[in-house]
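Q: One structure coming up, written as structure tokens, with questions to follow.
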Amino acid sequence: MKFLLIDQVLDRTPTSIVAIKNVTAAEEYLGDHFPGFPVLPGVFMLEALTQAARELLKDRGQRLVLGQVKALRYGSFVRPGEALKVEVTLDKTNDDGSFTMKGQASVVRVDGTGETAVSGRFTMRPARIPATAAAGA
């Protein structure tokens, strides 16, 4: 199962991206997380940052995956009917082909208020292809 956690890109420069994820009651994982108090799982917030970073770096010519996460902090819950505004910035291009990113996602409520849902630094790195797959086996 693939979860698409970016609904729309709002703004993009060569080094930053702003995107939105609208959280709806129709999202099947909300029924279990948590019964009676549905919220977007924290790991999905991190995945939204990762997907935004992948979108920002898509012209780099390689498949990128999450490599490392540092100083990740969670704040506010994101509930159905709210949106997650995702902002990711390229901080550094590393010699090993990886990219150091800064990300923050804020909950956007119906009344226009909001606060930080998750923030931190993370690394996107090239996907490793097993030697057997690369050899065509």
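Starting from 1 in every chain, residues are counted up; chains themselves are A, B, ... following the order of the structure tokens, and ligands are numbered from 1 as listed.
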Which residues, written as a VMD selection string, have at least one atom at most 7 Å from Glu87 of chain A, with only C-alpha atoms counted and residues fewer than 3 positions away on the same chain left out?
A: chain A and resid 17 to 19 103 to 105
Q: Can you list every residue in segment 14-126 of chain A that DSSP puts in helix (DSSP H, G or I), as a PyMOL selection string?
A: chain A and resi 28-31+42-56+58-60
Q: Report, in Å with one decimal, the straight-line distance from atom CA of Pro80 of chain A to atom CA of Gln8 of chain A.
A: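 These atoms are spaced 17.2 Å apart.
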Q: Name the residues in contact with Leu72 of chain A at a cut-off of 9 Å, using only C-alpha atoms, excluding same-chain residues fewer than 6 positions from it; report them as a PyMOL selection string.
A: chain A and resi 46+118-122
Q: Under the rule that only C-alpha atoms are counted, which of A:Leu10, A:Leu5, A:Met124, A:Ala25 is the nearest residue to Thr93 of chain A?
A: A:Met124
Q: Could you go through chain A and tell me which residues DSSP, when run on the backbone, assigns to strand (DSSP E), listing them as number ranges by chain?
A: A: 8-12, 16-22, 64-74, 83-93, 99-108, 114-126
Q: How would the residues just chosen look if you wrote them out with C-alpha atoms as a tab-separated table (two decimals), in the first residue's frame?
A:
chain	number	residue	atom	x	y	z
A	8	GLN	CA	-0.48	19.84	-3.77
A	9	VAL	CA	2.75	21.80	-4.14
A	10	LEU	CA	2.07	25.43	-3.23
A	11	ASP	CA	5.51	26.91	-3.88
A	12	ARG	CA	8.86	25.65	-5.11
A	16	SER	CA	12.81	24.86	-0.97
A	17	ILE	CA	9.29	23.52	-1.34
A	18	VAL	CA	5.97	24.19	0.35
A	19	ALA	CA	3.23	21.59	0.01
A	20	ILE	CA	-0.08	20.69	1.60
A	21	LYS	CA	-1.70	17.48	2.83
A	22	ASN	CA	-5.43	17.68	3.52
A	64	LEU	CA	16.23	9.10	-3.11
A	65	VAL	CA	15.17	7.57	0.20
A	66	LEU	CA	15.19	8.72	3.80
A	67	GLY	CA	18.67	8.14	5.19
A	68	GLN	CA	18.83	9.66	8.66
A	69	VAL	CA	16.65	11.73	10.98
A	70	LYS	CA	18.00	14.15	13.58
A	71	ALA	CA	16.38	16.37	16.17
A	72	LEU	CA	12.83	15.43	15.17
A	73	ARG	CA	10.24	17.06	17.40
A	74	TYR	CA	6.51	16.59	17.43
A	83	ALA	CA	-4.37	20.32	6.77
A	84	LEU	CA	-0.65	19.74	7.17
A	85	LYS	CA	1.45	22.50	5.59
A	86	VAL	CA	4.85	21.00	4.79
A	87	GLU	CA	7.94	23.18	4.30
A	88	VAL	CA	11.28	21.60	3.36
A	89	THR	CA	14.58	23.33	2.61
A	90	LEU	CA	17.76	21.91	1.11
A	91	ASP	CA	20.44	22.72	3.66
A	92	LYS	CA	23.47	21.01	2.12
A	93	THR	CA	24.52	18.78	-0.77
A	99	PHE	CA	21.27	15.81	0.87
A	100	THR	CA	20.80	17.37	4.29
A	101	MET	CA	17.32	18.82	4.67
A	102	LYS	CA	15.43	20.95	7.18
A	103	GLY	CA	11.72	20.40	7.48
A	104	GLN	CA	8.75	21.71	9.34
A	105	ALA	CA	5.08	20.87	9.04
A	106	SER	CA	2.34	22.91	10.65
A	107	VAL	CA	-1.27	22.01	11.30
A	108	VAL	CA	-3.67	24.41	9.57
A	114	GLY	CA	-2.13	26.61	13.48
A	115	GLU	CA	1.00	25.44	15.16
A	116	THR	CA	3.98	23.22	14.50
A	117	ALA	CA	3.11	19.54	14.16
A	118	VAL	CA	6.63	18.26	13.43
A	119	SER	CA	10.07	19.73	12.73
A	120	GLY	CA	13.61	18.50	12.37
A	121	ARG	CA	16.56	17.74	10.14
A	122	PHE	CA	16.92	14.70	7.94
A	123	THR	CA	19.03	13.26	5.16
A	124	MET	CA	17.89	12.01	1.78
A	125	ARG	CA	20.29	9.53	0.21
A	126	PRO	CA	20.46	7.60	-3.06
Q: So how far away is atom CA of Ala52 of chain A from atom CA of Asp32 of chain A, in Å?
A: 25.3 Å
Q: Can you measure atom CA of Val78 of chain A to atom CA of Ala53 of chain A for me? One decimal in Å is fine.
A: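 Interatomic distance, atom CA of Val78 of chain A to atom CA of Ala53 of chain A: 20.3 Å.
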Q: Looking at only C-alpha atoms, which of A:Ser76, A:Pro38, A:Leu4, A:Ala26 is the one that sits closest to Thr50 of chain A?
A: A:Leu4
Q: Just want the 6 Å neighbourhood of Glu82 of chain A, counted on only C-alpha atoms, with same-chain residues fewer than 3 positions away dropped. Output as a short mmCIF file (atom, residue, chain, number, x, y, z; two decimals) with C-alpha atoms, in the first residue's frame.
A:
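Once written, selection_5.cif looks like this:
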data_model
loop_
_atom_site.label_atom_id
_atom_site.label_comp_id
_atom_site.auth_asym_id
_atom_site.auth_seq_id
_atom_site.Cartn_x
_atom_site.Cartn_y
_atom_site.Cartn_z
CA VAL A 23 -6.39 15.18 6.21
CA ARG A 79 -7.09 15.77 12.91
CA VAL A 108 -3.67 24.41 9.57
CA ARG A 109 -7.05 24.47 11.26
#
Q: Measuring atom to atom with only C-alpha atoms, identify which of A:Asp7, A:Asp111, A:Glu28, A:Asp95 is nearest to Glu55 of chain A.
A: A:Asp7
Q: From the list A:Leu30, A:Ile6, A:Gly112, A:Ile129, which residue is nearest Leu56 of chain A when using only C-alpha atoms?
A: A:Ile6
